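**Student:** One file: final_33.cif (mmCIF, C-alpha atoms, pLDDT in the B column; chains and numbers go by the auth columns).
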data_structure
loop_
_atom_site.group_PDB
_atom_site.id
_atom_site.type_symbol
_atom_site.label_atom_id
_atom_site.label_comp_id
_atom_site.label_asym_id
_atom_site.label_seq_id
_atom_site.Cartn_x
_atom_site.Cartn_y
_atom_site.Cartn_z
_atom_site.B_iso_or_equiv
_atom_site.auth_seq_id
_atom_site.auth_asym_id
ATOM 1 C CA MET A 1 -5.202 0.236 5.193 96.00 29 O
ATOM 2 C CA PRO A 2 -4.309 -3.288 6.335 97.00 30 O
ATOM 3 C CA ILE A 3 -6.961 -5.948 5.698 96.00 31 O
ATOM 4 C CA ARG A 4 -7.271 -9.611 6.653 94.00 32 O
ATOM 5 C CA LEU A 5 -10.002 -11.914 5.374 93.00 33 O
ATOM 6 C CA GLY A 6 -11.261 -14.923 7.284 92.00 34 O
ATOM 7 C CA PRO A 7 -12.721 -18.092 5.790 92.00 35 O
ATOM 8 C CA PRO A 8 -16.102 -17.460 4.151 91.00 36 O
ATOM 9 C CA VAL A 9 -19.259 -19.090 5.439 90.00 37 O
ATOM 10 C CA ARG A 10 -21.239 -20.113 2.379 85.00 38 O
ATOM 11 C CA SER A 11 -25.020 -20.422 2.230 82.00 39 O
ATOM 12 C CA LYS A 12 -27.305 -22.326 -0.113 78.00 40 O
ATOM 13 C CA LYS A 13 -28.617 -19.052 -1.577 84.00 41 O
ATOM 14 C CA GLY A 14 -25.439 -18.237 -3.535 83.00 42 O
ATOM 15 C CA GLU A 15 -24.226 -15.922 -0.802 86.00 43 O
ATOM 16 C CA MET A 16 -21.378 -15.956 1.656 89.00 44 O
ATOM 17 C CA GLU A 17 -20.598 -14.210 4.901 91.00 45 O
ATOM 18 C CA LEU A 18 -17.013 -12.994 4.969 92.00 46 O
ATOM 19 C CA PRO A 19 -15.188 -12.121 8.216 95.00 47 O
ATOM 20 C CA ILE A 20 -12.957 -9.066 7.749 95.00 48 O
ATOM 21 C CA THR A 21 -10.412 -7.437 10.034 97.00 49 O
ATOM 22 C CA LEU A 22 -9.268 -3.917 9.149 97.00 50 O
ATOM 23 C CA GLY A 23 -6.499 -1.813 10.635 97.00 51 O
ATOM 24 C CA LEU A 24 -8.083 1.650 10.760 97.00 52 O
ATOM 25 C CA PRO A 25 -5.247 4.191 10.549 97.00 53 O
ATOM 26 C CA VAL A 26 -5.365 6.770 13.337 96.00 54 O
ATOM 27 C CA SER A 27 -3.736 9.251 10.929 95.00 55 O
ATOM 28 C CA THR A 28 -6.933 9.206 8.834 95.00 56 O
ATOM 29 C CA MET A 29 -9.218 10.117 11.750 96.00 57 O
ATOM 30 C CA THR A 30 -10.246 13.355 13.368 96.00 58 O
ATOM 31 C CA VAL A 31 -10.396 12.426 17.052 95.00 59 O
ATOM 32 C CA VAL A 32 -12.347 14.751 19.331 95.00 60 O
ATOM 33 C CA GLN A 33 -12.177 14.808 23.123 95.00 61 O
ATOM 34 C CA SER A 34 -15.461 15.266 24.976 93.00 62 O
ATOM 35 C CA ASN A 35 -16.325 14.583 28.618 92.00 63 O
ATOM 36 C CA GLY A 36 -13.051 12.750 29.194 92.00 64 O
ATOM 37 C CA ARG A 37 -13.538 10.389 26.239 96.00 65 O
ATOM 38 C CA TYR A 38 -12.086 10.366 22.749 97.00 66 O
ATOM 39 C CA GLY A 39 -14.207 9.744 19.687 96.00 67 O
ATOM 40 C CA ALA A 40 -14.236 9.678 15.921 97.00 68 O
ATOM 41 C CA ARG A 41 -17.173 9.498 13.511 97.00 69 O
ATOM 42 C CA LEU A 42 -16.216 7.780 10.278 97.00 70 O
ATOM 43 C CA GLU A 43 -17.843 6.144 7.280 97.00 71 O
ATOM 44 C CA LEU A 44 -16.913 2.757 5.863 96.00 72 O
ATOM 45 C CA ARG A 45 -17.855 2.231 2.222 95.00 73 O
ATOM 46 C CA VAL A 46 -17.738 -1.184 0.575 93.00 74 O
ATOM 47 C CA ALA A 47 -17.961 -2.269 -3.068 92.00 75 O
ATOM 48 C CA ALA A 48 -17.669 -5.745 -4.579 90.00 76 O
ATOM 49 C CA ALA A 49 -17.202 -6.603 -8.256 89.00 77 O
ATOM 50 C CA ASP A 50 -17.696 -9.859 -10.167 85.00 78 O
ATOM 51 C CA GLU A 51 -15.469 -11.243 -12.942 85.00 79 O
ATOM 52 C CA ASN A 52 -17.238 -9.049 -15.545 84.00 80 O
ATOM 53 C CA GLY A 53 -16.650 -5.863 -13.550 79.00 81 O
ATOM 54 C CA ASN A 54 -20.284 -5.557 -12.446 79.00 82 O
ATOM 55 C CA ARG A 55 -20.310 -3.761 -9.096 81.00 83 O
ATOM 56 C CA SER A 56 -22.535 -3.873 -6.078 79.00 84 O
ATOM 57 C CA ASP A 57 -24.142 -0.798 -4.588 73.00 85 O
ATOM 58 C CA ILE A 58 -21.827 1.052 -2.229 73.00 86 O
ATOM 59 C CA PRO A 59 -23.469 1.174 1.192 82.00 87 O
ATOM 60 C CA VAL A 60 -22.289 3.695 3.771 91.00 88 O
ATOM 61 C CA ILE A 61 -21.665 2.106 7.158 93.00 89 O
ATOM 62 C CA PRO A 62 -21.344 4.696 9.951 96.00 90 O
ATOM 63 C CA LEU A 63 -18.570 3.950 12.465 96.00 91 O
ATOM 64 C CA HIS A 64 -18.641 5.668 15.852 96.00 92 O
ATOM 65 C CA LEU A 65 -15.432 4.897 17.716 95.00 93 O
ATOM 66 C CA THR A 66 -14.931 5.890 21.364 95.00 94 O
ATOM 67 C CA SER A 67 -12.231 5.262 23.937 95.00 95 O
ATOM 68 C CA ASP A 68 -11.140 6.393 27.393 95.00 96 O
ATOM 69 C CA LYS A 69 -7.614 6.899 26.018 94.00 97 O
ATOM 70 C CA ALA A 70 -6.389 9.025 23.136 93.00 98 O
ATOM 71 C CA PRO A 71 -5.271 6.891 20.176 93.00 99 O
ATOM 72 C CA THR A 72 -1.535 6.834 19.497 93.00 100 O
ATOM 73 C CA PRO A 73 -0.606 8.744 16.337 91.00 101 O
ATOM 74 C CA GLY A 74 0.758 6.432 13.643 94.00 102 O
ATOM 75 C CA ASN A 75 -1.013 3.376 15.064 96.00 103 O
ATOM 76 C CA PHE A 76 -4.012 1.403 13.830 97.00 104 O
ATOM 77 C CA ILE A 77 -7.293 0.512 15.500 96.00 105 O
ATOM 78 C CA ARG A 78 -8.512 -3.027 14.913 96.00 106 O
ATOM 79 C CA TYR A 79 -12.024 -3.253 13.479 96.00 107 O
ATOM 80 C CA ASP A 80 -13.743 -6.614 12.948 96.00 108 O
ATOM 81 C CA THR A 81 -16.870 -7.016 10.853 94.00 109 O
ATOM 82 C CA ARG A 82 -18.692 -9.505 8.633 93.00 110 O
ATOM 83 C CA LEU A 83 -19.982 -8.756 5.152 90.00 111 O
ATOM 84 C CA LYS A 84 -22.673 -10.661 3.302 89.00 112 O
ATOM 85 C CA LEU A 85 -21.658 -10.967 -0.375 88.00 113 O
ATOM 86 C CA ARG A 86 -22.744 -12.870 -3.462 85.00 114 O
ATOM 87 C CA GLU A 87 -20.525 -15.861 -4.176 84.00 115 O
ATOM 88 C CA THR A 88 -19.871 -14.360 -7.620 85.00 116 O
ATOM 89 C CA ALA A 89 -17.901 -11.499 -6.002 87.00 117 O
ATOM 90 C CA ARG A 90 -14.249 -11.574 -7.100 89.00 118 O
ATOM 91 C CA HIS A 91 -12.846 -8.247 -5.906 91.00 119 O
ATOM 92 C CA LEU A 92 -13.563 -6.181 -2.810 92.00 120 O
ATOM 93 C CA VAL A 93 -12.749 -2.508 -2.162 93.00 121 O
ATOM 94 C CA LEU A 94 -13.220 -0.796 1.208 95.00 122 O
ATOM 95 C CA ALA A 95 -12.797 2.909 1.891 96.00 123 O
ATOM 96 C CA LEU A 96 -12.644 4.555 5.313 97.00 124 O
ATOM 97 C CA TYR A 97 -13.759 8.185 5.079 97.00 125 O
ATOM 98 C CA ASP A 98 -13.432 10.883 7.737 97.00 126 O
ATOM 99 C CA PRO A 99 -16.048 13.563 6.916 97.00 127 O
ATOM 100 C CA LEU A 100 -14.411 16.171 9.188 95.00 128 O
ATOM 101 C CA SER A 101 -11.005 16.110 7.474 96.00 129 O
ATOM 102 C CA GLY A 102 -11.881 14.610 4.083 97.00 130 O
ATOM 103 C CA ASN A 103 -9.194 11.929 4.628 97.00 131 O
ATOM 104 C CA ILE A 104 -9.672 8.544 2.976 97.00 132 O
ATOM 105 C CA ALA A 105 -7.882 5.220 3.539 97.00 133 O
ATOM 106 C CA THR A 106 -8.524 2.242 1.255 97.00 134 O
ATOM 107 C CA ALA A 107 -8.053 -1.515 1.173 97.00 135 O
ATOM 108 C CA GLU A 108 -8.567 -4.036 -1.621 95.00 136 O
ATOM 109 C CA ALA A 109 -8.829 -7.813 -1.641 93.00 137 O
ATOM 110 C CA ASP A 110 -8.808 -10.515 -4.301 91.00 138 O
ATOM 111 C CA LEU A 111 -11.672 -12.837 -3.348 89.00 139 O
ATOM 112 C CA THR A 112 -10.568 -15.631 -5.676 85.00 140 O
ATOM 113 C CA LYS A 113 -7.933 -16.625 -3.106 77.00 141 O
ATOM 114 C CA LEU A 114 -10.030 -16.742 0.034 74.00 142 O
ATOM 115 C CA PRO A 115 -8.964 -18.906 2.975 62.00 143 O
ATOM 116 C CA GLY A 116 -10.797 -22.208 2.935 54.00 144 O
ATOM 117 C CA GLY A 117 -11.212 -22.371 -0.837 46.00 145 O
ATOM 118 C CA THR A 118 -11.827 -20.236 -3.894 43.00 146 O
ATOM 119 C CA ASN A 119 -14.951 -18.775 -5.441 43.00 147 O
#
Show me the file's structure as structure tokens.

**Tutor:**
Amino acid sequence: MPIRLGPPVRSKKGEMELPITLGLPVSTMTVVQSNGRYGARLELRVAAADENGNRSDIPVIPLHLTSDKAPTPGNFIRYDTRLKLRETARHLVLALYDPLSGNIATAEADLTKLPGGTN
């Protein structure tokens, strides 16, 4: 799954807010048509690890995508979000899960090479 990281916004509390753009693969999704609209219900799971391999909890973020048009098979849907992370985070893993099909798409990022500086 394609991923692009923006420059982090650092806070005084040892945290940062990280802009993330994902390319959600249509091939991973079960898209259902209802009342002339197309929709998919997905889960985004995120984990961050520090230099010692200590990991954060893995929250489940529900994604409810809808559109007036059917998505084109083989394409990607752009999804922008912001994550709040500890500045000690060095590695990020994201997983897009479709509960209807069991399909999973993943993305990983090395946070030591963030735009606008390193951790």

**Student:** Take the PyMOL selection byres ((chain O and resi 122-138) around 10), run it mentally on this structure, and tell me the resulting residues as an MDAnalysis selection string.

**Tutor:** chainID O and resid 29:33 50:53 55:59 68:76 86 88:91 117:121 139:142

**Student:** Tell me which residues the PyMOL selection byres ((chain O and resi 101) around 7) grabs here, as a ChimeraX atom specification.

**Tutor:** /O:54-55,99-100,102-103

**Student:** Do a neighbour search on Gln61 in chain O at 10 Å with all atoms listed in the file, toss out local chain neighbours closer than 2 positions, and write the hits as number ranges by chain.

**Tutor:** O: 59, 63-68, 94-98

**Student:** What is the CA of His92 in chain O-CA of Pro36 in chain O distance in Å, reported with one decimal?

**Tutor:** 26.0 Å

**Student:** Near Leu111 in chain O, counting only C-alpha atoms, which residues have an atom at most 9 Å away, once you skip same-chain residues fewer than 3 positions from it, shown as a ChimeraX atom specification?

**Tutor:** /O:44-48

**Student:** Using CA of Glu115 in chain O and CA of Arg38 in chain O as the two end points, give the distance in Å to one decimal.

**Tutor:**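 We find that CA of Glu115 in chain O and CA of Arg38 in chain O lie 7.8 Å from each other.
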
**Student:** Edge lengths and centre in Å to one decimal, as lines of an AutoDock Vina configuration file, is what I'm after for the box along x, y and z that holds all listed atoms of range 85-103 of chain O once 4 Å is added on each side.

**Tutor:**
center_x = -11.7
center_y = 4.1
center_z = 11.4
size_x = 32.9
size_y = 17.8
size_z = 40.0

**Student:** State, in Å with one decimal place, the distance from CA of Glu43 in chain O to CA of Asp108 in chain O.

**Tutor:** 19.6 Å

**Student:** In terms of the shortest atom-to-atom distance over all atoms listed in the file, which of O:Val60, O:Arg83, O:Arg110, O:Asp78 is closest to Pro35 in chain O?

**Tutor:**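 Closest to Pro35 in chain O of all the choices is O:Arg110.
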